[in-house]
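The structure appears right after this line, and notes come after that.
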Amino acid sequence: MDDQYLDAFIRESEEAITELNNSLLELESDPSNTEAMDSIFRTAHTLKGNFGAMGFDNAADLAHAMEDLLDEMRQGEMEVTPDLMDLVFAGVDQIEVIVGEIEEHGESGTETDEMVEELRAVLEEGAAAAGDTETTDDGSSDSDESLTTDAGVSDADIDGDAVDERVLQAEISVGESDMLGVDSMLAVESIEGRFDILDSSPSRADIEDGEFEDTFVLYLDGPDAATVDAELGTTGKVDSFDVTDVTDELVSGTGTDSDAADDSGAGSDSGSDPDPGAEEEHSVDEIKSVRVDVDQLDDLHGLVEQLVTSRIKLRRGVEKDDLDSTGETLNELDKITANLQNTVMDMRLIPLKKVVGKFPRLVRDLARELDKDIEFEIEGEDIELDRTILTEISDPLMHILRNSVDHGIESPEEREQAGKSRTGHITLRASRERDHVIIEVEDDGAGLDVDGIREKAIEKGVRSPEELDAMDDSAVYDLVFHPGFSTADEVTDTSGRGVGMDVVHDTVSQLDGSVSVDSEPGEGTTVSLRLPVTMAIVKVLFVKVGGEEYGVPIKNVDEITGTEEAKQVNGQEVIKHNDEIYPVIHLDDTFDIEGETANGDGMLVRIRESERQVALHCDSVNSQEEVVVKPLEGILSGTPGLSGTAVLGDGNIVHILDVVTL
């Protein structure tokens, strides 16, 4: 199959899946929304046709069954219920898995027969099927908090050679359900997408027929109980669960590391906090294609033509040793490359909705899992950012949203007791400020407990009591970004937001951005990200310190002066500007380099007050130049005072200063 057509098919399918999810969410919130219903039906029909045309019959059959079911809903023959929507969403999820397989392998191995049968069964039984109680023989469908079952470890039939890691016994309840078999089937399929299922009790068929007492057991191949715990905590349809490592009881000589066993997951439930590392399973895919306007392509073509012409003129000027002509041509090249740079950077810009389009479904599933009522809104999704930045911030944004749903928004009962509406509100808002984009995630939940954060900061040794007393609430809230503030093994109501927030901070910092938290106890929390629209090409001022050269972003520089303005105040060297005091930072001391100037000599680079009220002392100030900045990676990432490196035309590498963390 032609790779070009396959790639176009995959990109279109991904966009259709996102559109389908969001239209389904609109329909779920307002079953009378005919516009959403028509959009859903059209998208499902298009997916069916595209899968059929490309020869992917398994997905085409599934899309066809979904289309028929949606048509019944559209005609008013079937009621839109949460259970029915869960089934449709599960179908969409399976289509998404198939598209992922096609992208990776060129084909799909996913069997859709069972899902198609479930959809057809509901279709044939009509609207009543969505409301009928499908439970065990005694009519009971209540979730038993004690999670007791007759299934024991001895019932499992595990082939030791088939186990790659550890055997984890997961006892699972899907809670009260009108369609117990369907819900159990959805839970099992979702878990199967994350772990190999080695065995089950009762049989898979009985589970999917709802033939079990309160709970069923799956034996999973996974690294440890904590990882399985974290994954089950974010799996739709799983109401509560109990995970136990039973490797040593069932398997010997599998080559697994017994030290990896971790029973910390036992007794957790769907409200447990996902392990930060587990979020990689649900991260937004890297953006692999960009739609380009034809006018931009024409501009690009025109600029390349100009480059070719200038190259010919430059070669002729050099051959004739005509310096005047060569100088003029170099000036031309300057203008052409500047225009070329701007055009290419614009072509890399992608609207935020490319990433946030998947978030409404994420919020819906998590809220339903936690029995919370949440309205989620997105504002400014057409704001554009560089492709690299957009890819990098998808996971941090997803983590912030999870925290808002899990820790921020209270249960409907708690909200009612606090005099709030039962429905919580989360808004993701993006706005443009010159060459930066501000993204805010705002919720009207419980807010952060500032006293609890202070206590946690003292307990973890992040700050001393004296330092905390001198900090205002805003500064205390920002402590949740400190790496030592909270850990995955210790989560409380006050510190829950700290889990993984240091990763959010690190990611945003590496993109030359910043992140902050504002909260009002009982009223809600807002997490704000400030990010550059584009990255890589930055105009810098080169300063010399000893034998080293550093780059200071021009946007951070306000003024360059001699050192005669400097004065000593309380042992600190400072300069005065507009009645404001600017402390002097000696770069030679900061980077432990022996400067070349004596005391009182050198130059001062005063930084813009909006960035940081300081002046940098260096030996000399050299030229200004646009450079391609690469963020620091590996052990150098997060180094105070440095934001990245740039390779100059002569091959030398220059460090770019981060004036905020110097």
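Scheme for the structure tokens: letters A, B, ... for chains in order shown; per-chain residue numbers from 1; ligand numbers from 1 in order shown.
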
Inset, instruction - Apply DSSP to the structure's backbone, then extract all residues of range 540-635 of chain A labelled alpha helix (DSSP H) and return them as a PyMOL selection string. - result: chain A and resi 587-590

Next, the residues of the selection above should be written as a CSV table (one decimal), in the first residue's frame with C-alpha atoms.
chain,number,residue,atom,x,y,z
A,587,LEU,CA,28.9,36.0,36.2
A,588,ASP,CA,32.6,35.0,36.9
A,589,ASP,CA,31.6,34.1,40.5
A,590,THR,CA,28.4,32.4,39.4

Inset, instruction - State, in Å with one decimal place, the distance from CA of Thr343 in chain A to CA of Ile653 in chain A. - result: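 We find that CA of Thr343 in chain A and CA of Ile653 in chain A lie 26.5 Å from each other.
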
Inset, instruction - Give me the residues within 8 Å of range 73-85 of chain A as number ranges by chain, counting only C-alpha atoms and dropping any in the same chain fewer than 3 places off. - result: A: 24, 28, 31, 34, 37-38, 69-70, 88-89, 126-127, 130, 178-179

Legend entry - Nearest-residue call for Leu541 in chain A, choices A:Val621, A:Leu25, A:Val217, A:Leu314, using only C-alpha atoms: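 With only C-alpha atoms as the atom set, the closest residue is A:Val621.
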
Legend entry - Spatial neighbours of range 565-577 of chain A, max dist 9 Å, only C-alpha atoms, sep filter under 6 positions, as a list in words: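 Using only C-alpha atoms, the neighbours found are Pro583, Val584, Ile585, Gly600, Leu604, Val614 and Ala615 of chain A.
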
Based on DSSP run over this structure's backbone, return all residues of range 9-185 of chain A in strand (DSSP E or B), as a compact mmCIF listing (two decimals) with C-alpha atoms, in the first residue's frame.
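This went into states.txt:
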# COMPACT_ATOMS: atom_id res chain seq x y z
CA GLU A 134 -28.49 -7.47 33.57
CA ARG A 166 5.10 -10.89 37.58
CA VAL A 167 1.70 -12.54 38.05
CA LEU A 168 -0.72 -10.04 39.62
CA GLN A 169 -4.12 -11.22 40.82
CA ALA A 170 -6.67 -8.44 40.31
CA GLU A 171 -10.07 -8.89 41.93
CA ILE A 172 -12.43 -6.50 40.18
CA SER A 173 -15.89 -5.04 40.66
CA MET A 179 -25.72 -4.06 31.75
